[in-house]
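Read the structure below first, then the notes.
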Amino acid sequence: MALFELDRSQYPEAKADGSLDIDLASGKYLKLWQGPQHPGITGNMSVELTVCGDEVVEGRTHVGYLHRGFEKLMERRTFIQCFPIVCRICVPEPDFNEYCYAAAVEELAGLEVPERAHWIRTLILEMGRINSYMMYLGGQAGSFGMGVIGQWATYVRDLMLDRFEEMTGARIYHMFILPGGVRDGLPEGFAVRMEETLREVERALKDINDVMYCNAVFKKRTVGVGVITPEMIEPYGVTGPNARAAGVAKDVRKDQPYLVYPELDFEPVTGSVSDIYTRADVRRRDVHVSIDLIRQILQKMPKDGPVMTRLPNVLNWKIPEGETYIRGECSRGEYGYYLVTDGSGYPRRVNVRGPSYTHAMALLEKLIVNANISDVAGLMVSLHTYPPEIER
Amino acid sequence: MTVQDVLSPFTAWKNLFRDPVTVRDPLTERPGAARYRGFHKNDVAECIGCGTCEAICQNAAIDMVPVDGIETKEGDSGLRPQIDYGRCCWCALCVDVCMTGSLTMSNEYTWIDSDPDAFRFVPGVDHKSWDDAELGYHRPDGHRLTPPERIVMREMDPERRIGNFEEIVDGYSVEEARAEAERCVACGLCVATCPAHMSIPDYIATIREGDYEAGLKLLYETNPFSQVCGRVCTHKCETVCAVHHEGDPIAIRWLKRHITDQVDRDRYVDIIGRPAGETGHKVAVVGAGPAGLTAAFDLARMGHAVTVFEARKHAGGMTRYGIPEYRLPYDALDADVDVIRAMGVDIKCDTPIGDKVTMTGLEKDFDTVLVAIGLHLGRSTRIPGSDHPKVAKAVDLLRAITDGETIDVPKTAVVIGGGNVAMDIARSLARLQKQIHGEVGMTVTALEDFSHFLADPEEVKESFEEGIEIFDARGPREVLVDEVGNVTGLKTWKVVSIFDDKGRFAPTYDEGDERIHVGTMVIEAIGQAADVALLGEALTEKLEWNRGRITVDADGRTSEPWLWAAGDCVNGPDVVHAVADGHRVAASMDAVLKAKELS
């Protein structure tokens, strides 16, 4: 397969910092801003493109449009007051924030979480993964002009949001996983309705496969474009499907199992060449894995028992001095929370490690060079990045 | 690339024949799920305005506001939560933390209004269409953000404690006290209810911080009888505690005691602070009980010269002579009295008003005088046989036990009364019986049934544990005396009702349900009266009276401009009320004395 590598001898040599000495006055080059609102990304982020004709010579990423200061806000809120905030850090897949924060607090406060709560947490995270992928599929197809896929994916995502709503009481920001467990058990008849939803997801996936993946135009536009080589994985901090598509089976669920993943039967999905097409394909297959995991969870999980441990008075809650890093495998790769406590009633420091931080900035700047300008949006979507988690 | 890759996308056309999947809002109703976190509801009758919802809200979306028609009362601040939907993030922590469970959410989620201020409302007061919605988020069973169970107070087991007068409760350890203090939600309802308005959440916070000296300072700002109240206070604060609604109230009394236990008594005066400079005014206080000594403490700290006249051997009044040592050890009481003395109060014990010192003399020698003489006269049932020498008054016996007098302890005795004094004498005599006769033979008969009992529930429980028999709803009819003149027991009838239609005391009995309680001694514990004879005839004549009690105004001032009265003899009914009375009188006296300086 031919990689997307063009002759760059016509462009100036890169300087030590990697930038090019471009003479805009020459008329050969054009500065082009893509963003901060554009179809290539979920959220707001700009790419400053330097193009020559329709070829990208250089791309510089600009973030900051979504900075809300969550990490700092949390230093001024009690441990329980941080709980409603964290989900807002990443809009499309909020539950990982809830899980990582809760697990970090539980570790430092020495809380034992009931068994059933672990199963429900895992269930929520897998449901969230499917939804996140659905949002991706819509974006990936849309970036190549296939709007209908986005409508189908949104419909399926909405069905899953119905399940979220009946379980957690909310559709987007669930605020259900809190330190000590989860708010409540599953509602009556949940498994039956979830099975119906999963069948709808499978049906939609088949349609999407027929229309998008088995589509000559999509293949033509994506195969061999924006390749992440296995050598780039470590230096660029690539995780999740972006890495797995290159054949590197990185998956926190397997590498450092958490929650009830050790009791579930699954294999990480991998590909051979991490181009746009393969990354999309890995994500499609990953949805099937999540569907299977949800079925396993609903079958194996304890049907009764507590879902919440006894908390101290949360209004006076102080956590002993300590620090921890909690990680999990979200739809985009490794998601992590670094929490430092100093014995007071407030976090001393919270740092959120979203996979988009590396994927949307350094990695994109590397991959975007030599891309055709019409492929930039598709390339950006293919890295599946969410600016909200870059700027906490 | 295959031919299929060219043809496959055309399968999308099959969707042309499918029904749309979208909901046509608002034509199609789409109710929220059963757990949906929609608009708030509040059962304002259940809500106590404790403000924990306001405290936990991380968006500051909740303000506690006064509401028309809801008055401030004991256990209810009268405020209700106002929620600003411009700030609310629907996390429902307010619902989770609500101490009464009154705050819930409906499954309603659409609300259209052209007035932006409409979205700041008081649920349950500003009526909304979703007020009656059954569905919506309610705190799940067992999901609590505050621990409902109290840290258990360790105490001596009944078999061991019945043989001595040692204090029953051990007191909390530092760890236990901290854990109990953690449970407090600092709503402040207790402060409003405490007669002395002690700053309870603040001193509980000092336990969490481990800053006991700060805690002690806070205690003595409002209560010079903190060691006493830390043991025997009737703790009205705990009955209004917000945690009490769905759990055990915070052990406020034991936490107060814990602070006093943790500070070295030599440090007390330094921490509490020395009195102000002398004003030159002289104040006399008659009676060294909690009311008199609290007033003396305050007045001395204001710089007035205070002399207290006490008829008995020791200071303390009813706290010493009415409360048994196993509930209030004398050294704890002495420590509080020592603090008061250290403020410069001159306490003259064994100095009754009457012969050497008279009220007329006090009027002449002092600028103002306070009478706080307590209730030391026992009342009689006046039933047949109650004039027998073996029929005693509880207060007299308790005083004799406190003074270490030798009393003839009967093998069996019957107490008439269902209040705390009845329990005190029954339990004190039971201890003496155990020491002298080797077994307990005490019976208590009370007019009230157990559901309306006057004594504290823990007194009743501990009495049972100590082998005391308690018969509720029994009316005393006759003290039985045999042919040689010895008391043999008490005859009672079953009580049908205690009060008449108008609420007046008029007990009725079921004569067919008669019971004989065996005992060679009968003790009456049905109430006390003040011994006002010490006032002298002339002063008694001049003062205004109301049903046997001196009439006082809201500041404790009598109809005589130089004389105030406080404590049980005018108000009752317990230590902390007496302390509150003492504060009130001291402030009033100080104002009058300062006014004198200006005139």
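Quick note on naming: the chains in the structure tokens go A, B, ... in the order shown, residues restart at 1 in each chain, and ligands are numbered from 1 in order of appearance.
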
Residues flagged alpha helix (DSSP H) by DSSP in region 366-532 of chain B, as a PyMOL selection string | chain B and resi 394-402+420-437+457-465

Near chain B, which residues of chain A fall within 8 Å when you count only C-alpha atoms, and what do they look like as JSON, numbers by chain?
-> {"A": [77, 81, 82, 84, 155, 165, 166, 167, 168, 169, 170, 175, 183, 184, 207, 210, 211, 212, 214, 215, 216, 219, 308, 310, 311, 312, 313, 314, 315, 316, 317]}

Rank nothing, just name the residue among A:Asp95, A:Glu107, A:Glu323, A:Asp23 nearest to Gly180 (chain A), using only C-alpha atoms.
->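 Using only C-alpha atoms, the shortest distance to Gly180 (chain A) belongs to A:Glu107.
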
From A:Ala141, A:Ile233, A:Ile120, A:Leu108, residue lying nearest Gly322 (chain A) [only C-alpha atoms] |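 Result for the nearest residue to Gly322 (chain A): A:Leu108.
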
From B:Val357, B:Ile383, B:Cys47, B:Leu398, residue lying nearest Leu480 (chain B) [only C-alpha atoms] |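 Comparing B:Val357, B:Ile383, B:Cys47, B:Leu398 against Leu480 (chain B), the winner is B:Ile383.
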
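Interatomic distance, CA of Pro116 (chain B) to CA of Glu54 (chain B): 21.4 Å.
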
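Across the model, the gap from CA of Thr324 (chain A) to CA of Phe79 (chain A) is 14.9 Å.
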
Can you tell me, as a list of chain:residue names, what residues are no more than 9 Å from region 587-597 of chain B when counting only C-alpha atoms, ignoring any on the same chain fewer than 6 positions away?
-> B:His281, B:Val283, B:Ala295, B:Asp298, B:Leu299, B:Met302, B:His304, B:Asp367, B:Thr368, B:Val369, B:Asp555, B:Gly556, B:Arg557, B:Trp564

How would the residues just chosen look if you wrote them out with N, CA, C and O atoms as a compact mmCIF listing (two decimals), in the first residue's frame?
```txt
# COMPACT_ATOMS: atom_id res chain seq x y z
N HIS B 281 -19.39 48.66 91.64
CA HIS B 281 -20.75 48.27 92.02
C HIS B 281 -20.72 46.94 92.76
O HIS B 281 -19.91 46.07 92.47
N VAL B 283 -22.95 43.60 93.99
CA VAL B 283 -24.15 42.80 93.70
C VAL B 283 -24.18 41.63 94.67
O VAL B 283 -23.16 40.99 94.92
N ALA B 295 -25.19 34.22 86.79
CA ALA B 295 -25.30 35.69 86.87
C ALA B 295 -24.05 36.25 87.55
O ALA B 295 -23.49 37.26 87.10
N ASP B 298 -21.09 36.22 85.09
CA ASP B 298 -21.18 37.30 84.08
C ASP B 298 -20.88 38.65 84.72
O ASP B 298 -20.12 39.46 84.16
N LEU B 299 -21.52 38.90 85.87
CA LEU B 299 -21.38 40.22 86.51
C LEU B 299 -19.93 40.44 86.95
O LEU B 299 -19.40 41.56 86.82
N MET B 302 -17.88 41.37 84.15
CA MET B 302 -18.13 42.77 83.74
C MET B 302 -17.45 43.75 84.70
O MET B 302 -17.49 44.96 84.47
N HIS B 304 -18.10 43.89 88.20
CA HIS B 304 -18.84 44.18 89.43
C HIS B 304 -18.37 43.26 90.55
O HIS B 304 -17.94 42.13 90.29
N ASP B 367 -25.86 47.18 95.68
CA ASP B 367 -26.60 47.98 94.69
C ASP B 367 -27.81 47.22 94.15
O ASP B 367 -28.87 47.78 93.95
N THR B 368 -27.57 45.96 93.85
CA THR B 368 -28.68 45.12 93.36
C THR B 368 -28.57 43.75 94.01
O THR B 368 -27.50 43.33 94.45
N VAL B 369 -29.72 43.06 94.04
CA VAL B 369 -29.76 41.72 94.66
C VAL B 369 -30.50 40.77 93.72
O VAL B 369 -31.49 41.14 93.08
N ASP B 555 -36.69 40.32 81.81
CA ASP B 555 -35.29 40.38 82.23
C ASP B 555 -35.06 39.79 83.61
O ASP B 555 -33.96 39.89 84.16
N GLY B 556 -36.10 39.25 84.23
CA GLY B 556 -35.97 38.66 85.56
C GLY B 556 -36.11 39.68 86.68
O GLY B 556 -35.79 39.38 87.84
N ARG B 557 -36.61 40.87 86.36
CA ARG B 557 -36.71 41.91 87.37
C ARG B 557 -38.05 41.80 88.10
O ARG B 557 -39.10 41.62 87.48
N TRP B 564 -33.91 41.21 91.65
CA TRP B 564 -34.17 40.34 90.49
C TRP B 564 -34.37 38.90 91.00
O TRP B 564 -33.93 38.56 92.11
```

Test item, strand (DSSP E) assignment across region 137-298 of chain A, answer as a list of chain:residue names = A:Ile177, A:Leu178, A:Gly181, A:Val182

Create the file for the chosen residues now, containing N, CA, C and O atoms and written as a compact mmCIF listing (two decimals), in the first residue's frame.
```
# COMPACT_ATOMS: atom_id res chain seq x y z
N ILE A 177 -21.82 7.88 38.96
CA ILE A 177 -20.72 7.21 39.65
C ILE A 177 -20.12 8.23 40.61
O ILE A 177 -19.52 9.22 40.19
N LEU A 178 -20.34 8.03 41.88
CA LEU A 178 -19.77 8.98 42.83
C LEU A 178 -18.87 8.22 43.81
O LEU A 178 -18.98 7.00 43.92
N GLY A 181 -19.34 4.40 45.28
CA GLY A 181 -20.17 3.44 44.54
C GLY A 181 -20.91 4.11 43.42
O GLY A 181 -20.36 4.96 42.72
N VAL A 182 -22.15 3.70 43.25
CA VAL A 182 -23.04 4.36 42.28
C VAL A 182 -24.33 4.70 43.01
O VAL A 182 -24.60 4.17 44.07
```

Find the residues near His452 (chain B): any atom within 12 Å, counting only C-alpha atoms, skip ones fewer than 4 places away on the same chain, and give them as a ChimeraX atom specification.
-> /B:418-419,446-448,456-457,472-473,497-498

Those residues with C-alpha atoms, as a compact mmCIF listing (two decimals), in the first residue's frame please?
```txt
# COMPACT_ATOMS: atom_id res chain seq x y z
CA GLY B 418 -42.28 9.59 87.00
CA GLY B 419 -39.87 12.46 86.48
CA ALA B 446 -45.82 6.96 87.83
CA LEU B 447 -49.05 8.64 86.79
CA GLU B 448 -47.99 8.85 83.17
CA ASP B 456 -35.61 10.93 80.06
CA PRO B 457 -35.85 7.65 78.15
CA ASP B 472 -46.57 3.29 84.56
CA ALA B 473 -50.08 4.79 84.67
CA SER B 497 -56.73 9.96 82.27
CA ILE B 498 -54.58 12.66 83.88
```
